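K.L.:
Okay, so here is target-v2.cif, and as you'll see once you scroll down, it has mmCIF, C-alpha atoms.
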data_input
#
loop_
_atom_site.group_PDB
_atom_site.id
_atom_site.type_symbol
_atom_site.label_atom_id
_atom_site.label_comp_id
_atom_site.auth_asym_id
_atom_site.auth_seq_id
_atom_site.Cartn_x
_atom_site.Cartn_y
_atom_site.Cartn_z
ATOM 1 C CA MET D 136 16.158 34.548 -37.711
ATOM 2 C CA LEU D 137 12.559 34.510 -38.973
ATOM 3 C CA ILE D 138 9.208 34.900 -37.277
ATOM 4 C CA PRO D 139 5.984 33.987 -39.083
ATOM 5 C CA GLY D 140 5.442 36.300 -42.052
ATOM 6 C CA ALA D 141 8.005 38.869 -41.021
ATOM 7 C CA VAL D 142 11.742 39.468 -41.209
ATOM 8 C CA VAL D 143 13.262 40.449 -37.876
ATOM 9 C CA GLY D 144 16.715 41.719 -38.883
ATOM 10 C CA GLN D 145 15.404 44.495 -41.095
ATOM 11 C CA THR D 146 12.985 45.826 -38.476
ATOM 12 C CA ALA D 147 15.497 47.049 -35.887
ATOM 13 C CA GLY D 148 16.277 50.206 -37.870
ATOM 14 C CA TYR D 149 12.694 51.385 -37.519
ATOM 15 C CA ILE D 150 11.976 50.643 -33.846
ATOM 16 C CA GLY D 151 12.316 53.842 -31.845
ATOM 17 C CA TYR D 152 11.906 55.997 -34.974
ATOM 18 C CA LYS D 153 9.848 59.129 -34.294
ATOM 19 C CA TYR D 154 8.120 61.154 -36.964
ATOM 20 C CA LYS D 155 5.555 63.884 -37.344
ATOM 21 C CA ALA D 156 2.081 62.701 -38.284
ATOM 22 C CA VAL D 157 1.603 62.581 -42.068
ATOM 23 C CA LEU D 158 -1.244 62.030 -44.474
ATOM 24 C CA PRO D 159 -1.339 58.823 -46.538
ATOM 25 C CA ASP D 160 0.940 58.700 -49.589
ATOM 26 C CA ASN D 161 3.484 61.084 -48.045
ATOM 27 C CA VAL D 162 7.145 60.104 -47.789
ATOM 28 C CA LEU D 163 8.872 60.368 -44.414
ATOM 29 C CA PRO D 164 12.406 61.791 -44.052
ATOM 30 C CA ASN D 165 13.788 58.212 -43.903
ATOM 31 C CA GLY D 166 12.344 57.415 -47.362
ATOM 32 C CA VAL D 167 9.419 55.310 -46.135
ATOM 33 C CA ARG D 168 6.005 56.011 -47.692
ATOM 34 C CA SER D 169 2.883 56.007 -45.538
ATOM 35 C CA LEU D 170 -0.162 54.191 -46.923
ATOM 36 C CA GLY D 171 -2.368 55.130 -43.964
ATOM 37 C CA GLY D 172 -3.371 53.430 -40.772
ATOM 38 C CA ALA D 173 -5.889 53.058 -37.991
ATOM 39 C CA LEU D 174 -6.081 53.568 -34.259
ATOM 40 C CA VAL D 175 -6.083 50.363 -32.227
ATOM 41 C CA GLY D 176 -7.195 49.547 -28.717
ATOM 42 C CA ASP D 177 -8.938 52.084 -26.509
ATOM 43 C CA ILE D 178 -9.296 55.365 -28.415
ATOM 44 C CA ASN D 179 -9.484 57.209 -25.074
ATOM 45 C CA ALA D 180 -6.241 55.699 -23.781
ATOM 46 C CA LYS D 181 -3.158 57.764 -23.107
ATOM 47 C CA PRO D 182 -1.094 57.256 -25.108
ATOM 48 C CA LEU D 183 -3.035 56.488 -28.280
ATOM 49 C CA TRP D 184 -1.908 53.464 -30.323
ATOM 50 C CA ASP D 185 -1.910 53.100 -34.104
ATOM 51 C CA ILE D 186 -0.971 50.675 -36.848
ATOM 52 C CA SER D 187 0.370 52.179 -40.056
ATOM 53 C CA ILE D 188 1.020 50.468 -43.383
ATOM 54 C CA MET D 189 4.350 51.638 -44.764
ATOM 55 C CA THR D 190 6.322 50.801 -47.896
ATOM 56 C CA LYS D 191 9.892 51.160 -49.033
ATOM 57 C CA GLY D 192 10.760 49.699 -52.413
ATOM 58 C CA LYS D 193 9.008 46.321 -52.753
ATOM 59 C CA ASP D 194 8.774 45.838 -49.012
ATOM 60 C CA ARG D 195 5.605 46.436 -47.043
ATOM 61 C CA MET D 196 5.623 46.985 -43.279
ATOM 62 C CA LEU D 197 3.177 47.339 -40.449
ATOM 63 C CA TRP D 198 4.316 49.725 -37.733
ATOM 64 C CA LEU D 199 2.803 49.540 -34.258
ATOM 65 C CA GLU D 200 3.109 53.083 -32.987
ATOM 66 C CA ARG D 201 2.333 55.080 -29.877
ATOM 67 C CA ALA D 202 1.552 58.772 -29.797
ATOM 68 C CA VAL D 203 4.381 60.669 -28.107
ATOM 69 C CA ARG D 204 3.008 64.161 -28.642
ATOM 70 C CA GLN D 205 -0.586 65.290 -29.027
ATOM 71 C CA GLY D 206 -2.012 68.748 -29.597
ATOM 72 C CA ALA D 207 -5.350 70.429 -30.129
ATOM 73 C CA LYS D 208 -5.640 68.898 -33.632
ATOM 74 C CA GLY D 209 -4.681 65.349 -32.587
ATOM 75 C CA VAL D 210 -1.469 63.342 -32.708
ATOM 76 C CA GLU D 211 1.530 65.409 -33.741
ATOM 77 C CA GLU D 212 4.261 62.784 -33.384
ATOM 78 C CA TRP D 213 4.398 58.969 -33.440
ATOM 79 C CA GLU D 214 7.059 56.556 -32.200
ATOM 80 C CA VAL D 215 7.482 53.114 -33.786
ATOM 81 C CA VAL D 216 7.535 50.386 -31.123
ATOM 82 C CA ASP D 217 7.235 47.212 -33.222
ATOM 83 C CA VAL D 218 7.434 46.283 -36.903
ATOM 84 C CA LEU D 219 6.210 43.450 -39.090
ATOM 85 C CA MET D 220 8.236 43.339 -42.316
ATOM 86 C CA PHE D 221 6.897 41.729 -45.491
ATOM 87 C CA PRO D 222 9.652 41.569 -48.135
ATOM 88 C CA ASN D 223 8.293 41.399 -51.697
ATOM 89 C CA PHE D 224 4.702 41.552 -50.435
ATOM 90 C CA PRO D 225 2.643 39.142 -52.595
ATOM 91 C CA ARG D 226 0.307 40.676 -55.147
ATOM 92 C CA GLY D 227 -3.267 39.846 -54.202
ATOM 93 C CA ASP D 228 -2.570 39.725 -50.465
ATOM 94 C CA GLU D 229 -4.075 42.285 -48.105
ATOM 95 C CA LEU D 230 -3.320 43.447 -44.588
ATOM 96 C CA ILE D 231 -6.522 43.703 -42.553
ATOM 97 C CA PHE D 232 -6.743 45.505 -39.206
ATOM 98 C CA GLY D 233 -8.828 48.065 -37.399
ATOM 99 C CA THR D 234 -12.033 47.030 -39.185
ATOM 100 C CA GLY D 235 -13.681 44.440 -36.967
ATOM 101 C CA ASP D 236 -14.074 42.213 -40.054
ATOM 102 C CA CYS D 237 -12.059 39.363 -38.537
ATOM 103 C CA THR D 238 -12.928 36.751 -35.939
ATOM 104 C CA LYS D 239 -10.890 34.313 -33.879
ATOM 105 C CA SER D 240 -12.670 31.071 -33.033
ATOM 106 C CA LYS D 241 -15.842 32.683 -34.456
ATOM 107 C CA LYS D 242 -15.715 35.602 -31.980
ATOM 108 C CA PRO D 243 -15.253 39.214 -33.206
ATOM 109 C CA ASP D 244 -11.808 40.517 -32.348
ATOM 110 C CA GLY D 245 -10.826 44.096 -33.128
ATOM 111 C CA ASP D 246 -7.193 43.598 -32.052
ATOM 112 C CA LEU D 247 -6.365 41.180 -34.874
ATOM 113 C CA VAL D 248 -3.927 41.991 -37.655
ATOM 114 C CA VAL D 249 -4.226 39.610 -40.613
ATOM 115 C CA GLN D 250 -2.377 38.899 -43.829
ATOM 116 C CA ALA D 251 -5.040 37.429 -46.103
ATOM 117 C CA ARG D 252 -5.344 36.397 -49.745
ATOM 118 C CA LEU D 253 -8.545 37.153 -51.647
ATOM 119 C CA ASN D 254 -10.024 34.413 -53.812
ATOM 120 C CA SER D 255 -11.478 36.540 -56.610
ATOM 121 C CA SER D 256 -13.874 33.829 -57.800
ATOM 122 C CA THR D 257 -15.522 33.175 -54.402
ATOM 123 C CA PHE D 258 -14.848 36.597 -52.838
ATOM 124 C CA THR D 259 -13.524 35.001 -49.672
ATOM 125 C CA TYR D 260 -10.275 35.467 -47.779
ATOM 126 C CA LYS D 261 -7.746 32.794 -46.916
ATOM 127 C CA THR D 262 -5.847 33.745 -43.757
ATOM 128 C CA ILE D 263 -2.101 33.510 -44.364
ATOM 129 C CA LYS D 264 -0.747 34.881 -41.046
ATOM 130 C CA ALA D 265 -2.296 36.533 -38.003
ATOM 131 C CA TRP D 266 -1.151 38.623 -35.053
ATOM 132 C CA ARG D 267 -2.723 40.486 -32.163
ATOM 133 C CA THR D 268 -1.740 43.991 -31.141
ATOM 134 C CA ASN D 269 -0.702 44.203 -27.519
ATOM 135 C CA PRO D 270 -0.142 47.838 -26.482
ATOM 136 C CA LYS D 271 0.832 46.797 -22.924
ATOM 137 C CA LEU D 272 3.776 44.864 -24.374
ATOM 138 C CA GLY D 273 4.217 47.204 -27.342
ATOM 139 C CA LYS D 274 4.258 44.189 -29.648
ATOM 140 C CA PHE D 275 2.570 42.313 -32.438
ATOM 141 C CA VAL D 276 1.937 38.858 -30.917
ATOM 142 C CA PRO D 277 1.590 35.873 -33.321
ATOM 143 C CA GLU D 278 -1.813 34.142 -33.417
ATOM 144 C CA ASP D 279 -2.900 30.761 -34.766
ATOM 145 C CA ALA D 280 -3.947 31.705 -38.313
ATOM 146 C CA SER D 281 -6.130 28.587 -38.634
ATOM 147 C CA LEU D 282 -8.504 30.048 -36.006
ATOM 148 C CA VAL D 283 -8.789 33.448 -37.722
ATOM 149 C CA LYS D 284 -11.341 34.228 -40.425
ATOM 150 C CA CYS D 285 -12.008 37.543 -42.165
ATOM 151 C CA LYS D 286 -15.051 38.473 -44.205
ATOM 152 C CA TYR D 287 -14.803 40.280 -47.506
ATOM 153 C CA ASP D 288 -16.742 43.512 -47.919
ATOM 154 C CA ALA D 289 -16.951 44.636 -51.530
ATOM 155 C CA PRO D 290 -15.522 48.116 -52.083
#
Turn this file's structure into structure tokens for me.

P.N.:
Amino acid sequence: MLIPGAVVGQTAGYIGYKYKAVLPDNVLPNGVRSLGGALVGDINAKPLWDISIMTKGKDRMLWLERAVRQGAKGVEEWEVVDVLMFPNFPRGDELIFGTGDCTKSKKPDGDLVVQARLNSSTFTYKTIKAWRTNPKLGKFVPEDASLVKCKYDAP
């Protein structure tokens, strides 16, 4: 069974997984490497919500996570509540979230998660797939990618 841009069957092994907060480029005990992430939604909410980019082999994943334990220095433990799996993630594609650089129907939307392809000659993105984070449901919810546009900011 497939959903847009993601493979469902391979995600079940990660949902419910808890791990101690790590810095980008560290490998978790389950062999998954963290590439970093960003808080989503209300940063004053309890619990906090986060999206992390993770890799294992050639696969790239987005984990929607909620903080299950916080301390004086911040989040100490995350729990994975939903996963988008991208097998053999295409070279040249990017995952954009947590930046405010994307709009839906020309309106800024900070809850969007976008798979986009950069056109290196025009420095513009083509939206491939789009989702919205929904912490109340604990899910990535598919969006109409044709209504989503992201701007490119040179590094």

K.L.:
Just how far from atom CA of Asn161 of chain D is atom CA of Lys208 of chain D, in Å to one decimal?

P.N.:
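Here the two named atoms are 18.8 Å from each other.
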
K.L.:
What are the nearest atom pairs, with distances in Å to one decimal, for all residues of segment 161-188 of chain D that come at most 12 Å from segment 271-276 of chain D, using all atoms listed in the file, set out by chain and rising residue number as JSON lines?

P.N.:
{"residue": "D:Val175", "atom": "CA", "partner": "D:Phe275", "partner_atom": "CA", "distance": 11.8}
{"residue": "D:Gly176", "atom": "CA", "partner": "D:Lys271", "partner_atom": "CA", "distance": 10.3}
{"residue": "D:Asp177", "atom": "CA", "partner": "D:Lys271", "partner_atom": "CA", "distance": 11.7}
{"residue": "D:Ala180", "atom": "CA", "partner": "D:Lys271", "partner_atom": "CA", "distance": 11.4}
{"residue": "D:Lys181", "atom": "CA", "partner": "D:Lys271", "partner_atom": "CA", "distance": 11.7}
{"residue": "D:Pro182", "atom": "CA", "partner": "D:Lys271", "partner_atom": "CA", "distance": 10.9}
{"residue": "D:Leu183", "atom": "CA", "partner": "D:Lys271", "partner_atom": "CA", "distance": 11.7}
{"residue": "D:Trp184", "atom": "CA", "partner": "D:Gly273", "partner_atom": "CA", "distance": 9.3}
{"residue": "D:Asp185", "atom": "CA", "partner": "D:Gly273", "partner_atom": "CA", "distance": 10.9}
{"residue": "D:Ile186", "atom": "CA", "partner": "D:Phe275", "partner_atom": "CA", "distance": 10.1}

K.L.:
Do you know which residues lie at most 10 Å from (1.0, 43.6, -51.7), with coordinates as in the file and only C-alpha atoms counted, and could you write them as an NGL selection string?

P.N.:
:D and (190 or 193-195 or 221-230 or 250 or 252)

K.L.:
Segment 149-151 of chain D: which residues within 8 Å, counting all atoms listed in the file, same-chain residues fewer than 6 positions away excluded, as a list of chain:residue names?

P.N.:
D:Glu214, D:Val215, D:Val216, D:Asp217, D:Val218

K.L.:
List the spatial neighbours of Leu197 of chain D as a PyMOL selection string - criterion: any atom at most 6 Å away, all atoms listed in the file, same-chain residues fewer than 5 positions off excluded.

P.N.:
chain D and resi 187-188+218-219

K.L.:
Translate the PyMOL selection byres ((chain D and resi 262-268) around 6) into a concrete residue list for this structure, as an mmCIF file with C-alpha atoms, keeping the file's coordinate frame.

P.N.:
data_model
loop_
_atom_site.group_PDB
_atom_site.id
_atom_site.type_symbol
_atom_site.label_atom_id
_atom_site.label_comp_id
_atom_site.auth_asym_id
_atom_site.auth_seq_id
_atom_site.Cartn_x
_atom_site.Cartn_y
_atom_site.Cartn_z
ATOM 1 C CA ASP D 246 -7.193 43.598 -32.052
ATOM 2 C CA LEU D 247 -6.365 41.180 -34.874
ATOM 3 C CA VAL D 248 -3.927 41.991 -37.655
ATOM 4 C CA VAL D 249 -4.226 39.610 -40.613
ATOM 5 C CA GLN D 250 -2.377 38.899 -43.829
ATOM 6 C CA ALA D 251 -5.040 37.429 -46.103
ATOM 7 C CA LYS D 261 -7.746 32.794 -46.916
ATOM 8 C CA ASN D 269 -0.702 44.203 -27.519
ATOM 9 C CA PHE D 275 2.570 42.313 -32.438
ATOM 10 C CA VAL D 276 1.937 38.858 -30.917
ATOM 11 C CA PRO D 277 1.590 35.873 -33.321
ATOM 12 C CA GLU D 278 -1.813 34.142 -33.417
ATOM 13 C CA ALA D 280 -3.947 31.705 -38.313
#

K.L.:
Going by the chain IDs and residue numbers used in this file, which residues fall under the PyMOL selection byres ((chain D and resi 286) around 6)? Write them as a list in words.

P.N.:
Asp236, Cys285 and Tyr287 of chain D

K.L.:
Got time to write the residues from that selection, C-alpha atoms, as a short mmCIF file (atom, residue, chain, number, x, y, z; two decimals), in the frame of the given file?

P.N.:
data_model
loop_
_atom_site.label_atom_id
_atom_site.label_comp_id
_atom_site.auth_asym_id
_atom_site.auth_seq_id
_atom_site.Cartn_x
_atom_site.Cartn_y
_atom_site.Cartn_z
CA ASP D 236 -14.07 42.21 -40.05
CA CYS D 285 -12.01 37.54 -42.16
CA TYR D 287 -14.80 40.28 -47.51
#

K.L.:
For atom CA of Ala207 of chain D and atom CA of Asp160 of chain D, determine how far apart the two atoms are, in Å to one decimal place.

P.N.:
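Separation between atom CA of Ala207 of chain D and atom CA of Asp160 of chain D: 23.6 Å.
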
K.L.:
If we count all atoms listed in the file, what is near Glu211 of chain D at a cut-off of 8 Å, once residues fewer than 3 positions away on the same chain are taken out, given as a list of chain:residue names?

P.N.:
D:Lys155, D:Ala156, D:Ala202, D:Val203, D:Arg204, D:Gln205, D:Gly206, D:Lys208

K.L.:
Report, in Å with one decimal, the straight-line distance from atom CA of Leu199 of chain D to atom CA of Ile231 of chain D.

P.N.:
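Rounded to one decimal, the two atoms are 13.8 Å apart.
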
K.L.:
Name every residue that the PyMOL selection byres ((chain D and resi 154) around 6) selects in this structure, writing the answer as a list of chain:residue names with chains first and numbers rising.

P.N.:
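Taken on the displayed file, the PyMOL selection byres ((chain D and resi 154) around 6) yields the residues D:Lys153, D:Lys155, D:Glu212, D:Trp213.
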
K.L.:
Between D:Leu163, D:Val157, D:Ala147, D:Leu170, which is the closest to Gly209 of chain D once you count only C-alpha atoms?

P.N.:
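The answer is D:Val157, which sits nearest to Gly209 of chain D.
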
K.L.:
For Ser281 of chain D, which residue among D:Asp244, D:Lys239, D:Tyr260, D:Val167 is the nearest when counting all atoms listed in the file?

P.N.:
D:Lys239

K.L.:
Around segment 150-161 of chain D, fit a box with edges along x, y and z, padding it by 3 Å on each side, then list its centre and edge lengths in Å to one decimal as JSON.

P.N.:
{"center_x": 5.5, "center_y": 57.3, "center_z": -40.7, "size_x": 19.7, "size_y": 19.2, "size_z": 23.7}

K.L.:
Starting from the sparse input, extend segment 177-189 of chain D to N, CA and C atoms and give the output as a CSV table (one decimal), keeping the file's coordinate frame.

P.N.:
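What ended up in selection.csv:
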chain,number,residue,atom,x,y,z
D,177,ASP,N,-8.1,51.1,-27.1
D,177,ASP,CA,-8.9,52.1,-26.5
D,177,ASP,C,-8.6,53.5,-27.1
D,178,ILE,N,-9.6,54.1,-27.8
D,178,ILE,CA,-9.3,55.4,-28.4
D,178,ILE,C,-9.2,56.5,-27.4
D,179,ASN,N,-9.6,56.2,-26.1
D,179,ASN,CA,-9.5,57.2,-25.1
D,179,ASN,C,-8.2,57.0,-24.2
D,180,ALA,N,-7.4,56.0,-24.6
D,180,ALA,CA,-6.2,55.7,-23.8
D,180,ALA,C,-5.2,56.8,-24.0
D,181,LYS,N,-4.3,56.9,-23.0
D,181,LYS,CA,-3.2,57.8,-23.1
D,181,LYS,C,-2.0,56.9,-22.8
D,182,PRO,N,-1.1,56.7,-23.8
D,182,PRO,CA,-1.1,57.3,-25.1
D,182,PRO,C,-2.0,56.5,-26.1
D,183,LEU,N,-2.3,57.1,-27.2
D,183,LEU,CA,-3.0,56.5,-28.3
D,183,LEU,C,-2.1,55.5,-29.0
D,184,TRP,N,-2.7,54.5,-29.5
D,184,TRP,CA,-1.9,53.5,-30.3
D,184,TRP,C,-2.5,53.4,-31.7
D,185,ASP,N,-1.6,53.1,-32.7
D,185,ASP,CA,-1.9,53.1,-34.1
D,185,ASP,C,-1.1,52.0,-34.8
D,186,ILE,N,-1.7,51.5,-35.9
D,186,ILE,CA,-1.0,50.7,-36.8
D,186,ILE,C,-0.9,51.4,-38.2
D,187,SER,N,0.2,51.5,-38.7
D,187,SER,CA,0.4,52.2,-40.1
D,187,SER,C,1.0,51.2,-41.0
D,188,ILE,N,0.4,51.2,-42.3
D,188,ILE,CA,1.0,50.5,-43.4
D,188,ILE,C,2.0,51.4,-44.1
D,189,MET,N,3.3,50.9,-44.2
D,189,MET,CA,4.4,51.6,-44.8
D,189,MET,C,5.0,50.8,-45.9
